[in-house]
$ cat data_31.tsv   # TSV, C-alpha atoms
chain	number	residue	atom	x	y	z
R	954	MET	CA	131.45	83.27	90.33
R	955	GLU	CA	129.65	86.07	92.12
R	956	ALA	CA	126.09	85.40	93.20
R	957	GLY	CA	123.16	86.39	91.00
R	958	PHE	CA	119.66	87.06	92.26
R	959	LEU	CA	116.74	84.88	91.14
R	960	PRO	CA	113.36	86.33	92.15
R	961	ARG	CA	110.98	83.88	93.80
R	962	THR	CA	108.51	84.35	90.95
R	963	ARG	CA	111.09	82.89	88.54
R	964	PHE	CA	112.02	79.82	90.61
R	965	GLN	CA	110.17	77.52	88.20
R	966	MET	CA	112.85	78.43	85.67
R	967	LEU	CA	115.34	76.30	87.63
R	968	LEU	CA	113.16	73.22	87.23
R	969	ASP	CA	112.38	73.94	83.59
R	970	THR	CA	116.06	74.40	82.72
R	971	LEU	CA	117.04	71.18	84.47
R	972	HIS	CA	114.27	69.26	82.69
R	973	GLN	CA	115.40	70.67	79.34
R	974	ALA	CA	118.95	69.53	80.15
R	975	GLY	CA	117.66	65.96	80.57
R	976	TYR	CA	117.51	65.70	84.35
R	977	ARG	CA	114.73	64.23	86.46
R	978	CYS	CA	114.29	66.70	89.28
R	979	ILE	CA	114.27	65.39	92.84
R	980	GLY	CA	113.35	67.72	95.66
R	981	PRO	CA	111.93	67.96	99.16
R	982	GLN	CA	108.25	67.36	99.75
R	983	ALA	CA	106.15	67.12	102.89
R	984	ARG	CA	104.76	63.59	103.08
R	985	ASP	CA	103.64	61.33	105.94
R	986	GLY	CA	104.73	63.87	108.51
R	987	ALA	CA	108.31	64.31	107.27
R	988	ILE	CA	110.39	66.03	104.60
R	989	VAL	CA	111.24	63.43	101.95
R	990	TYR	CA	112.96	63.64	98.57
R	991	ASP	CA	110.98	62.60	95.51
R	992	THR	CA	110.32	63.53	91.89
R	993	LEU	CA	108.78	66.94	91.32
R	994	ALA	CA	107.90	69.03	88.30
R	995	ARG	CA	106.51	72.30	89.67
R	996	ALA	CA	107.66	74.85	92.20
R	997	GLU	CA	104.33	74.32	93.94
R	998	ASP	CA	105.48	70.82	94.91
R	999	PHE	CA	108.07	72.20	97.35
R	1000	PRO	CA	107.13	72.34	101.07
R	1001	ARG	CA	106.22	76.03	101.22
R	1002	GLY	CA	106.17	77.43	104.74
R	1003	MET	CA	107.00	74.11	106.40
R	1004	ARG	CA	109.14	74.03	109.55
R	1005	ASP	CA	110.53	70.97	111.31
R	1006	ARG	CA	110.76	70.52	115.08
R	1007	GLN	CA	113.31	67.92	116.08
R	1008	SER	CA	114.52	66.68	119.43
R	1009	PRO	CA	115.76	63.31	120.72
R	1010	GLY	CA	113.25	60.71	119.51
R	1011	THR	CA	110.93	63.35	118.01
R	1012	TYR	CA	110.33	64.76	114.52
R	1013	ARG	CA	107.35	67.00	113.74
R	1014	LEU	CA	106.38	69.31	110.88
R	1015	GLU	CA	104.40	72.48	111.29
R	1016	ARG	CA	103.11	74.97	108.75
R	1017	THR	CA	103.94	78.67	108.90
R	1018	ASP	CA	102.99	81.64	106.74
R	1019	SER	CA	106.55	81.94	105.39
R	1020	PRO	CA	106.89	81.95	101.58
R	1021	ARG	CA	110.12	79.93	101.83
R	1022	PHE	CA	110.56	76.38	100.51
R	1023	PHE	CA	113.65	75.44	102.55
R	1024	SER	CA	112.96	76.70	106.10
R	1025	TRP	CA	113.63	73.27	107.63
R	1026	ALA	CA	116.78	71.40	108.65
R	1027	ASN	CA	116.50	67.89	107.17
R	1028	GLY	CA	114.35	64.80	106.89
R	1029	PRO	CA	115.19	61.11	107.28
R	1030	GLN	CA	116.78	60.90	103.82
R	1031	ALA	CA	120.05	62.32	102.60
R	1032	LEU	CA	121.85	61.70	99.30
R	1033	LYS	CA	122.81	58.15	100.22
R	1034	PRO	CA	119.79	56.35	98.66
R	1035	PHE	CA	120.46	58.01	95.30
R	1036	VAL	CA	124.03	56.66	95.02
R	1037	PHE	CA	124.25	53.67	97.38
R	1038	ALA	CA	121.08	51.84	96.42
R	1039	PRO	CA	119.13	50.31	99.35
R	1040	ARG	CA	118.83	47.10	97.33
R	1041	GLU	CA	120.34	46.13	93.98
R	1042	PRO	CA	121.26	42.97	92.05
R	1043	LEU	CA	124.97	42.52	91.38
R	1044	TRP	CA	125.04	39.41	89.18
R	1045	SER	CA	122.97	36.46	88.08
R	1046	SER	CA	123.80	32.82	87.46
R	1047	GLU	CA	122.15	30.25	85.24
R	1048	ARG	CA	122.54	26.48	84.95
R	1049	THR	CA	122.72	25.51	81.29
R	1050	ALA	CA	121.41	22.35	79.66
R	1051	ASP	CA	124.83	20.68	79.92
R	1052	ALA	CA	124.91	21.40	83.72
R	1053	ALA	CA	127.45	24.19	83.40
R	1054	ILE	CA	126.93	27.39	85.41
R	1055	ARG	CA	127.10	30.72	83.62
R	1056	PHE	CA	127.54	33.97	85.53
R	1057	SER	CA	126.43	37.33	84.15
R	1058	GLU	CA	127.25	40.75	85.52
R	1059	ILE	CA	124.28	43.07	85.91
R	1060	ASN	CA	125.14	46.57	84.75
R	1061	PRO	CA	123.13	49.08	86.79
R	1062	ALA	CA	120.81	51.42	84.96
R	1063	SER	CA	121.27	55.08	85.82
R	1064	GLU	CA	119.52	58.27	84.79
R	1065	PRO	CA	120.53	61.91	85.19
R	1066	LEU	CA	119.13	63.25	88.48
R	1067	ALA	CA	119.09	66.83	89.71
R	1068	ILE	CA	118.64	66.91	93.48
R	1069	ILE	CA	117.48	70.26	94.85
R	1070	GLY	CA	117.76	71.27	98.50
R	1071	VAL	CA	120.97	69.47	99.45
R	1072	ARG	CA	122.46	70.59	102.77
R	1073	ALA	CA	126.12	71.20	103.57
R	1074	CYS	CA	126.25	68.23	105.94
R	1075	ASP	CA	124.95	65.94	103.21
R	1076	LEU	CA	127.55	67.17	100.73
R	1077	ALA	CA	130.20	66.32	103.31
R	1078	ALA	CA	128.62	62.88	103.73
R	1079	LEU	CA	128.62	62.34	99.97
R	1080	GLN	CA	132.33	63.13	99.89
R	1081	LEU	CA	132.86	60.37	102.47
R	1082	GLN	CA	130.75	57.94	100.45
R	1083	ASP	CA	132.89	58.81	97.43
R	1084	ARG	CA	136.02	57.98	99.42
R	1085	HIS	CA	134.62	54.56	100.27
R	1086	PHE	CA	132.98	53.53	97.00
R	1087	LEU	CA	135.11	55.30	94.37
R	1088	GLU	CA	138.58	56.12	95.64
R	1089	GLY	CA	139.76	52.71	96.80
R	1090	PRO	CA	141.47	50.14	94.60
R	1091	PHE	CA	138.12	48.70	93.47
R	1092	ALA	CA	135.54	51.32	92.51
R	1093	ASP	CA	131.92	50.27	92.91
R	1094	THR	CA	130.31	50.11	89.47
R	1095	GLY	CA	126.75	50.86	90.53
R	1096	TYR	CA	127.72	53.73	92.79
R	1097	ALA	CA	129.97	55.24	90.11
R	1098	ALA	CA	127.22	55.15	87.48
R	1099	ARG	CA	124.72	56.89	89.74
R	1100	ARG	CA	127.23	59.39	91.12
R	1101	LYS	CA	128.31	60.47	87.64
R	1102	ASN	CA	124.74	61.44	86.74
R	1103	LEU	CA	124.04	63.71	89.73
R	1104	PHE	CA	123.48	67.45	89.46
R	1105	LEU	CA	123.45	68.90	92.98
R	1106	VAL	CA	121.65	72.09	93.97
R	1107	ALA	CA	122.67	72.97	97.51
R	1108	VAL	CA	120.78	75.29	99.85
R	1109	HIS	CA	122.65	77.01	102.66
R	1110	CYS	CA	121.00	76.07	105.95
R	1111	THR	CA	119.37	78.92	107.91
R	1112	HIS	CA	116.93	76.94	110.06
R	1113	PRO	CA	118.89	74.35	112.07
R	1114	ALA	CA	117.02	71.83	114.19
R	1115	ASP	CA	117.69	71.41	117.88
R	1116	THR	CA	119.46	68.15	116.97
R	1117	CYS	CA	121.96	69.72	114.54
R	1118	PHE	CA	125.65	70.04	115.38
R	1119	CYS	CA	127.38	70.41	112.00
R	1120	VAL	CA	129.37	73.41	113.26
R	1121	SER	CA	131.30	71.21	115.67
R	1122	THR	CA	132.17	68.72	112.92
R	1123	GLY	CA	133.14	71.49	110.47
R	1124	ASP	CA	130.52	70.53	107.89
R	1125	GLY	CA	128.01	73.39	107.87
R	1126	PRO	CA	125.72	75.22	107.86
R	1127	ARG	CA	127.16	76.88	104.73
R	1128	ALA	CA	127.78	74.71	101.67
R	1129	THR	CA	131.33	75.39	100.49
R	1130	GLN	CA	132.11	72.64	97.98
R	1131	GLY	CA	130.72	69.64	96.14
R	1132	PHE	CA	127.73	71.38	94.55
R	1133	ASP	CA	126.87	72.46	91.02
R	1134	LEU	CA	124.66	75.31	92.21
R	1135	ALA	CA	124.22	76.78	95.69
R	1136	LEU	CA	121.19	78.80	96.73
R	1137	HIS	CA	120.58	81.12	99.62
R	1138	GLU	CA	116.85	81.57	100.13
R	1139	SER	CA	115.24	84.81	101.29
R	1140	ASP	CA	111.59	85.78	101.36
R	1141	GLU	CA	112.03	87.58	98.04
R	1142	GLY	CA	114.06	84.98	96.16
R	1143	TYR	CA	117.42	83.25	95.85
R	1144	LEU	CA	121.06	84.15	95.67
R	1145	VAL	CA	122.47	81.72	93.10
R	1146	GLN	CA	126.13	80.74	92.86
R	1147	ALA	CA	127.66	78.18	90.52
R	1148	GLY	CA	130.17	75.68	91.87
R	1149	SER	CA	131.00	73.71	88.71
R	1150	ASP	CA	131.21	74.08	84.95
R	1151	LYS	CA	127.85	72.32	84.67
R	1152	GLY	CA	126.33	74.83	87.06
R	1153	ARG	CA	127.80	77.81	85.23
R	1154	ALA	CA	126.53	76.53	81.88
R	1155	LEU	CA	123.05	75.99	83.31
R	1156	VAL	CA	122.57	79.50	84.73
R	1157	ALA	CA	124.40	81.47	82.03
R	1158	PRO	CA	121.27	81.95	79.85
R	1159	TRP	CA	119.31	83.32	82.81
R	1160	ALA	CA	121.24	86.61	82.76
R	1161	LEU	CA	120.64	87.15	86.48
R	1162	ALA	CA	121.24	90.55	88.00
R	1163	PRO	CA	124.16	90.50	90.46
R	1164	ALA	CA	123.17	90.20	94.10
R	1165	THR	CA	123.40	93.49	95.92
R	1166	ALA	CA	125.76	94.04	98.82
R	1167	ALA	CA	122.74	94.26	101.14
R	1168	GLN	CA	121.36	90.94	99.88
R	1169	GLN	CA	124.72	89.23	100.39
R	1170	GLN	CA	125.11	90.68	103.86
R	1171	ASP	CA	121.62	89.50	104.87
R	1172	ALA	CA	122.40	86.03	103.51
R	1173	ASP	CA	125.69	85.82	105.41
R	1174	ARG	CA	124.01	87.00	108.60
R	1175	GLU	CA	121.32	84.30	108.38
R	1176	VAL	CA	123.91	81.53	107.97
R	1177	GLU	CA	125.99	82.91	110.83
R	1178	ASP	CA	122.90	83.06	113.04
R	1179	ALA	CA	122.14	79.43	112.14
R	1180	ALA	CA	125.63	78.45	113.30
R	1181	ARG	CA	125.24	80.32	116.59
R	1182	ARG	CA	121.88	78.67	117.33
R	1183	GLN	CA	123.37	75.18	117.44
R	1184	ASN	CA	123.53	73.99	121.04
R	1185	ARG	CA	124.85	70.45	120.58
R	1186	ARG	CA	128.46	69.66	119.82
R	1187	LEU	CA	131.03	66.90	119.81
R	1188	PRO	CA	133.90	67.45	122.25
R	1189	SER	CA	136.48	67.15	119.46
R	1190	ARG	CA	136.70	66.49	115.73
R	1191	ASN	CA	139.14	63.65	116.36
R	1192	LEU	CA	138.01	61.33	119.16
R	1193	ARG	CA	139.94	58.28	117.99
R	1194	ASP	CA	142.41	58.00	120.86
R	1195	ASP	CA	139.89	58.97	123.54
R	1196	LEU	CA	137.37	56.37	122.38
R	1197	PHE	CA	139.86	53.51	122.15
R	1198	ALA	CA	141.22	54.42	125.57
R	1199	ASN	CA	137.72	53.94	127.03
R	1200	LEU	CA	136.54	50.65	125.56
R	1201	SER	CA	135.61	49.42	129.05
R	1202	HIS	CA	133.81	52.59	130.13
R	1203	PRO	CA	130.60	51.84	132.12
R	1204	ARG	CA	128.65	54.15	129.80
R	1205	TRP	CA	128.60	51.44	127.12
R	1206	GLU	CA	126.49	49.28	129.43
R	1207	GLU	CA	124.22	52.18	130.32
R	1208	VAL	CA	123.43	53.08	126.73
R	1209	ALA	CA	122.88	49.39	125.91
R	1210	GLU	CA	120.07	49.29	128.45
R	1211	ARG	CA	118.21	51.90	126.38
R	1212	CYS	CA	119.26	50.94	122.85
R	1213	LEU	CA	116.84	48.70	120.92
R	1214	SER	CA	119.41	47.59	118.30
R	1215	CYS	CA	116.78	48.61	115.73
R	1216	GLY	CA	119.29	50.12	113.29
R	1217	ASN	CA	117.34	53.37	112.77
R	1218	CYS	CA	120.49	55.41	113.39
R	1219	THR	CA	122.42	53.59	110.67
R	1220	ALA	CA	119.50	53.74	108.22
R	1221	VAL	CA	119.17	57.53	108.43
R	1222	CYS	CA	122.91	58.20	108.79
R	1223	PRO	CA	124.16	59.73	105.51
R	1224	THR	CA	127.59	58.07	105.79
R	1225	CYS	CA	126.87	54.50	107.00
R	1226	PHE	CA	127.58	51.98	104.25
R	1227	CYS	CA	127.19	48.54	105.87
R	1228	HIS	CA	125.49	46.03	103.62
R	1229	SER	CA	124.83	42.31	103.28
R	1230	GLU	CA	124.71	40.09	100.23
R	1231	ALA	CA	122.50	37.09	99.51
R	1232	ASP	CA	121.60	34.72	96.71
R	1233	GLU	CA	117.97	34.43	95.67
R	1234	THR	CA	117.37	31.16	93.88
R	1235	ALA	CA	114.45	30.56	91.52
R	1236	LEU	CA	112.12	27.68	92.31
R	1237	ASP	CA	113.21	25.78	89.20
R	1238	GLY	CA	116.76	25.65	90.53
R	1239	ARG	CA	118.17	26.92	87.26
R	1240	HIS	CA	118.46	30.64	87.98
R	1241	SER	CA	119.93	32.63	90.85
R	1242	LEU	CA	120.26	36.33	91.60
R	1243	HIS	CA	122.96	37.77	93.85
R	1244	VAL	CA	121.75	40.96	95.58
R	1245	ARG	CA	123.25	43.57	97.87
R	1246	GLN	CA	121.11	45.44	100.39
R	1247	TRP	CA	121.61	47.82	103.28
R	1248	ASP	CA	122.50	46.23	106.59
R	1249	SER	CA	123.43	47.54	110.02
R	1250	CYS	CA	126.16	46.79	112.52
R	1251	PHE	CA	123.34	46.58	115.09
R	1252	THR	CA	122.01	43.32	113.61
R	1253	GLN	CA	123.13	39.94	114.88
R	1254	GLY	CA	123.94	38.72	111.40
R	1255	HIS	CA	126.36	41.54	110.71
R	1256	SER	CA	129.08	40.04	112.94
R	1257	TYR	CA	128.18	36.38	112.39
R	1258	ILE	CA	131.20	34.34	111.23
R	1259	HIS	CA	131.23	30.54	110.91
R	1260	GLY	CA	128.84	29.77	113.76
R	1261	ILE	CA	130.00	32.61	116.03
R	1262	THR	CA	128.38	36.02	116.53
R	1263	ILE	CA	131.29	38.32	117.32
R	1264	ARG	CA	129.15	41.11	118.78
R	1265	ALA	CA	126.43	39.17	120.52
R	1266	ASP	CA	124.98	41.93	122.70
R	1267	THR	CA	123.80	45.50	122.27
R	1268	ARG	CA	126.64	46.94	124.32
R	1269	MET	CA	129.22	45.65	121.87
R	1270	ARG	CA	127.16	46.69	118.85
R	1271	TYR	CA	126.67	50.26	120.01
R	1272	ARG	CA	130.36	50.50	120.92
R	1273	GLN	CA	131.30	49.18	117.49
R	1274	TRP	CA	129.13	51.77	115.76
R	1275	LEU	CA	130.39	54.73	117.76
R	1276	THR	CA	134.08	53.79	117.85
R	1277	HIS	CA	134.08	53.11	114.11
R	1278	LYS	CA	132.11	56.22	113.16
R	1279	LEU	CA	134.08	58.63	115.34
R	1280	GLY	CA	137.32	56.69	115.83
R	1281	SER	CA	138.69	54.32	113.23
R	1282	TRP	CA	137.25	56.33	110.32
R	1283	HIS	CA	140.23	58.61	110.92
R	1284	ASP	CA	142.51	55.69	110.01
R	1285	GLN	CA	140.44	54.80	106.95
R	1286	TYR	CA	139.36	58.16	105.56
R	1287	GLY	CA	141.30	60.82	107.41
R	1288	ARG	CA	138.36	62.25	109.32
R	1289	SER	CA	135.35	61.35	111.45
R	1290	GLY	CA	132.38	59.65	109.83
R	1291	CYS	CA	129.93	62.04	111.50
R	1292	VAL	CA	128.82	65.23	109.69
R	1293	GLY	CA	126.62	66.61	112.47
R	1294	CYS	CA	123.25	66.24	110.74
R	1295	GLY	CA	121.60	64.97	113.95
R	1296	ARG	CA	119.37	62.44	112.18
R	1297	CYS	CA	120.43	59.60	114.47
R	1298	ILE	CA	119.23	61.64	117.46
R	1299	ALA	CA	115.80	62.56	116.09
R	1300	TRP	CA	115.00	59.18	114.56
R	1301	CYS	CA	116.15	57.03	117.50
R	1302	PRO	CA	112.94	55.60	119.05
R	1303	VAL	CA	114.33	56.07	122.56
R	1304	GLY	CA	116.08	59.39	121.91
R	1305	ILE	CA	119.73	58.38	122.36
R	1306	ASP	CA	121.91	61.43	121.69
R	1307	ILE	CA	125.29	60.68	120.09
R	1308	THR	CA	126.78	63.94	121.40
R	1309	GLU	CA	125.72	63.09	124.95
R	1310	GLU	CA	127.05	59.55	124.77
R	1311	VAL	CA	130.45	60.42	123.35
R	1312	THR	CA	130.89	63.24	125.86
R	1313	ALA	CA	130.10	60.81	128.67
R	1314	VAL	CA	132.68	58.33	127.39
R	1315	CYS	CA	135.42	60.75	126.38
R	1316	GLY	CA	134.67	63.78	128.54
R	1317	GLY	CA	134.07	67.34	127.43
R	1318	GLY	CA	137.77	68.07	127.42
R	1319	ALA	CA	138.71	65.43	124.84
R	1320	HIS	CA	141.74	66.39	122.78
R	1321	GLY	CA	142.45	65.97	119.11
$ encode --input "data_31.tsv" --output "structure tokens"
Amino acid sequence: MEAGFLPRTRFQMLLDTLHQAGYRCIGPQARDGAIVYDTLARAEDFPRGMRDRQSPGTYRLERTDSPRFFSWANGPQALKPFVFAPREPLWSSERTADAAIRFSEINPASEPLAIIGVRACDLAALQLQDRHFLEGPFADTGYAARRKNLFLVAVHCTHPADTCFCVSTGDGPRATQGFDLALHESDEGYLVQAGSDKGRALVAPWALAPATAAQQQDADREVEDAARRQNRRLPSRNLRDDLFANLSHPRWEEVAERCLSCGNCTAVCPTCFCHSEADETALDGRHSLHVRQWDSCFTQGHSYIHGITIRADTRMRYRQWLTHKLGSWHDQYGRSGCVGCGRCIAWCPVGIDITEEVTAVCGGGAHG
């Protein structure tokens, strides 16, 4: 479908149409010093003129006089919390009067969500989450219910942060697949392109005028400029062999001296899926709830097995995270687990840079 042009003055129509179609609209908002996703109803709720400044261990917002809503790179959230719930009950158990135990599956509630402002790197991350939760032999019920109800409105990225490196992973800045609608924002309005039957049906009644050749050229130039402005990169898209050939590299000890094992990197990473499970028993001893919640490979409990902590120190935990994310994911999912969003760099309290660490371990001339 060729792109149509939606004037900025008509942007509210996108929200109104999605609401009429039964979706709760989720979009970016400036809150507590960061761009976060939350429910919105009006175009005025978007972060107009906001710009993010990111560097290792630093995230700041500043206001400009730009009329744009999407002139920022990303915030701490991606799509992950909307499909892989941070905490959810899986089943319950009850002890009956005759001392039998009855188990009951908890079917997750899900509502149609339209998420506006999705970046190309986050669409790539969602595809990886789909591989893990849906495409194996045992699809995750909760994830599947939430994923089915998503309507995704992507926005091509034109304002990369200093921490972004999606070009080197092949995941941006242009959104190429996985969306229902894709927008390119200019000062005057939006080039709108449908990427699914749902997207085409949604915009058909708008009768948008086709984008002009000049508008398309300006849009392409902005995305290309965004790609050229990225300074960080991974040395290769496949670092599996280089990482596993350097498991004893002294850099692992050096990064461990700085790493706090706080798990911030895994919390903001759009592809990490580690979790733990626990039973919560009622005080009367008759009821129990089995819950799943996000966990991190940086915690001691993550590698605890029968009285032994397999990865007892930070060096081993950081190595596990990096060699899994950039190495053994190729065996599991056919590609790296990193999409170049740079969140782990900005939100690390001590500013550890994944591109710097992997280059130190593997070298800038890594093959693959």
$ residues_around --input "data_31.tsv" --residues "stretch 1184-1192 of chain R" --least-positions-apart "3" --cutoff "12 Å" --atoms "all atoms listed in the file" --output "PyMOL selection string"
chain R and resi 1008-1009+1113-1124+1179-1181+1195-1199+1275-1284+1287-1295+1298+1306-1321
$ closest_residue --input "data_31.tsv" --among "R:Ala1053, R:Ala974, R:Gln1273, R:Arg1099" --to "R:Ala1154" --atoms "only C-alpha atoms"
R:Ala974
$ atom_distance --input "data_31.tsv" --atom1 "atom CA of R:Tyr976" --atom2 "atom CA of R:Glu1064"
7.7 Å
$ axis_aligned_box --input "data_31.tsv" --around "stretch 1126-1130 of chain R" --padding-each-side "5 Å" --output "AutoDock Vina command-line options"
--center_x 128.9 --center_y 74.8 --center_z 102.9 --size_x 16.4 --size_y 14.2 --size_z 19.9
$ closest_residue --input "data_31.tsv" --among "R:Gly1304, R:Phe1226, R:Asp1232, R:Val1145" --to "R:Ala1157" --atoms "only C-alpha atoms"
R:Val1145
$ closest_residue --input "data_31.tsv" --among "R:Glu1088, R:Asp1083, R:Glu1210, R:Asp1133" --to "R:Ala1067" --atoms "only C-alpha atoms"
R:Asp1133
$ residues_around --input "data_31.tsv" --residues "R:Ser1063" --least-positions-apart "2" --cutoff "9 Å" --atoms "all atoms listed in the file" --output "VMD selection string"
chain R and resid 1061 1065 to 1066 1095 1098 to 1099 1102
$ write_last_selection --input "data_31.tsv" --atoms "C-alpha atoms" --output "PDB file, in the frame of the given file"
ATOM      1  CA  PRO R1061     123.130  49.080  86.790  1.00  0.00           C
ATOM      2  CA  PRO R1065     120.530  61.910  85.190  1.00  0.00           C
ATOM      3  CA  LEU R1066     119.130  63.250  88.480  1.00  0.00           C
ATOM      4  CA  GLY R1095     126.750  50.860  90.530  1.00  0.00           C
ATOM      5  CA  ALA R1098     127.220  55.150  87.480  1.00  0.00           C
ATOM      6  CA  ARG R1099     124.720  56.890  89.740  1.00  0.00           C
ATOM      7  CA  ASN R1102     124.740  61.440  86.740  1.00  0.00           C
TER       8      ASN R1102
END
$ closest_residue --input "data_31.tsv" --among "R:Ala1209, R:Tyr1286, R:Ile1069, R:Thr1224" --to "R:Arg1084" --atoms "all atoms listed in the file"
R:Tyr1286
$ closest_atom_pairs --input "data_31.tsv" --of "stretch 1247-1300 of chain R" --to "stretch 1218-1222 of chain R" --cutoff "9 Å" --atoms "all atoms listed in the file" --output "CSV"
residue,atom,partner,partner_atom,distance
R:Trp1247,CA,R:Ala1220,CA,8.0
R:Asp1248,CA,R:Ala1220,CA,8.2
R:Ser1249,CA,R:Thr1219,CA,6.2
R:Cys1250,CA,R:Thr1219,CA,8.0
R:Phe1251,CA,R:Thr1219,CA,8.3
R:Trp1274,CA,R:Thr1219,CA,8.6
R:Cys1291,CA,R:Cys1222,CA,8.4
R:Cys1294,CA,R:Cys1222,CA,8.3
R:Gly1295,CA,R:Cys1222,CA,8.6
R:Arg1296,CA,R:Val1221,CA,6.2
R:Cys1297,CA,R:Cys1218,CA,4.3
R:Ile1298,CA,R:Cys1218,CA,7.5
R:Ala1299,CA,R:Cys1218,CA,9.0
R:Trp1300,CA,R:Cys1218,CA,6.8
$ atom_distance --input "data_31.tsv" --atom1 "atom CA of R:Arg1193" --atom2 "atom CA of R:Ile1305"
20.7 Å
$ residues_around --input "data_31.tsv" --residues "R:His1112" --least-positions-apart "6" --cutoff "6 Å" --atoms "only C-alpha atoms" --output "PyMOL selection string"
chain R and resi 1024-1026
$ decode --input "data_31.tsv" --residues "stretch 1055-1115 of chain R" --atoms "C-alpha atoms" --output "PDB file, in the first residue's frame"
ATOM      1  CA  ARG R1055      -7.917 -29.442  43.542  1.00  0.00           C
ATOM      2  CA  PHE R1056      -5.926 -27.495  40.955  1.00  0.00           C
ATOM      3  CA  SER R1057      -7.492 -24.840  38.732  1.00  0.00           C
ATOM      4  CA  GLU R1058      -5.945 -23.182  35.719  1.00  0.00           C
ATOM      5  CA  ILE R1059      -6.206 -19.405  35.657  1.00  0.00           C
ATOM      6  CA  ASN R1060      -7.121 -18.171  32.201  1.00  0.00           C
ATOM      7  CA  PRO R1061      -5.563 -14.740  31.663  1.00  0.00           C
ATOM      8  CA  ALA R1062      -7.835 -11.831  30.896  1.00  0.00           C
ATOM      9  CA  SER R1063      -6.868  -9.838  27.833  1.00  0.00           C
ATOM     10  CA  GLU R1064      -8.237  -6.731  26.161  1.00  0.00           C
ATOM     11  CA  PRO R1065      -7.594  -5.251  22.722  1.00  0.00           C
ATOM     12  CA  LEU R1066      -4.686  -2.788  22.937  1.00  0.00           C
ATOM     13  CA  ALA R1067      -3.473  -0.385  20.275  1.00  0.00           C
ATOM     14  CA  ILE R1068       0.105   0.656  20.999  1.00  0.00           C
ATOM     15  CA  ILE R1069       1.217   3.817  19.198  1.00  0.00           C
ATOM     16  CA  GLY R1070       4.842   4.839  18.732  1.00  0.00           C
ATOM     17  CA  VAL R1071       6.462   1.416  18.420  1.00  0.00           C
ATOM     18  CA  ARG R1072      10.040   1.504  17.117  1.00  0.00           C
ATOM     19  CA  ALA R1073      11.633  -0.847  14.601  1.00  0.00           C
ATOM     20  CA  CYS R1074      13.955  -2.325  17.229  1.00  0.00           C
ATOM     21  CA  ASP R1075      10.988  -3.157  19.433  1.00  0.00           C
ATOM     22  CA  LEU R1076       9.153  -4.870  16.581  1.00  0.00           C
ATOM     23  CA  ALA R1077      12.248  -7.007  16.068  1.00  0.00           C
ATOM     24  CA  ALA R1078      12.286  -7.775  19.794  1.00  0.00           C
ATOM     25  CA  LEU R1079       8.616  -8.747  19.701  1.00  0.00           C
ATOM     26  CA  GLN R1080       9.367 -11.180  16.887  1.00  0.00           C
ATOM     27  CA  LEU R1081      11.971 -12.812  19.129  1.00  0.00           C
ATOM     28  CA  GLN R1082       9.513 -12.975  22.030  1.00  0.00           C
ATOM     29  CA  ASP R1083       7.051 -14.642  19.659  1.00  0.00           C
ATOM     30  CA  ARG R1084       9.682 -17.234  18.764  1.00  0.00           C
ATOM     31  CA  HIS R1085      10.179 -18.063  22.431  1.00  0.00           C
ATOM     32  CA  PHE R1086       6.617 -17.966  23.760  1.00  0.00           C
ATOM     33  CA  LEU R1087       4.539 -19.018  20.735  1.00  0.00           C
ATOM     34  CA  GLU R1088       6.549 -21.006  18.218  1.00  0.00           C
ATOM     35  CA  GLY R1089       7.915 -23.782  20.411  1.00  0.00           C
ATOM     36  CA  PRO R1090       6.132 -27.046  21.153  1.00  0.00           C
ATOM     37  CA  PHE R1091       4.271 -25.493  24.106  1.00  0.00           C
ATOM     38  CA  ALA R1092       2.786 -22.066  23.394  1.00  0.00           C
ATOM     39  CA  ASP R1093       2.370 -19.809  26.410  1.00  0.00           C
ATOM     40  CA  THR R1094      -1.352 -19.247  27.008  1.00  0.00           C
ATOM     41  CA  GLY R1095      -1.094 -15.835  28.643  1.00  0.00           C
ATOM     42  CA  TYR R1096       1.344 -14.476  26.103  1.00  0.00           C
ATOM     43  CA  ALA R1097      -0.758 -15.776  23.197  1.00  0.00           C
ATOM     44  CA  ALA R1098      -3.935 -14.144  24.512  1.00  0.00           C
ATOM     45  CA  ARG R1099      -2.273 -10.762  24.908  1.00  0.00           C
ATOM     46  CA  ARG R1100      -0.352 -10.975  21.632  1.00  0.00           C
ATOM     47  CA  LYS R1101      -3.493 -11.756  19.651  1.00  0.00           C
ATOM     48  CA  ASN R1102      -5.151  -8.547  20.847  1.00  0.00           C
ATOM     49  CA  LEU R1103      -2.376  -6.123  19.864  1.00  0.00           C
ATOM     50  CA  PHE R1104      -2.732  -3.481  17.169  1.00  0.00           C
ATOM     51  CA  LEU R1105       0.706  -1.977  16.521  1.00  0.00           C
ATOM     52  CA  VAL R1106       1.290   1.518  15.169  1.00  0.00           C
ATOM     53  CA  ALA R1107       4.980   1.874  14.364  1.00  0.00           C
ATOM     54  CA  VAL R1108       6.854   5.139  13.946  1.00  0.00           C
ATOM     55  CA  HIS R1109      10.029   5.203  11.873  1.00  0.00           C
ATOM     56  CA  CYS R1110      12.865   6.492  14.048  1.00  0.00           C
ATOM     57  CA  THR R1111      14.427   9.819  13.006  1.00  0.00           C
ATOM     58  CA  HIS R1112      15.974  10.899  16.318  1.00  0.00           C
ATOM     59  CA  PRO R1113      18.348   8.156  17.513  1.00  0.00           C
ATOM     60  CA  ALA R1114      19.983   8.454  20.914  1.00  0.00           C
ATOM     61  CA  ASP R1115      23.728   8.315  21.376  1.00  0.00           C
TER      62      ASP R1115
END
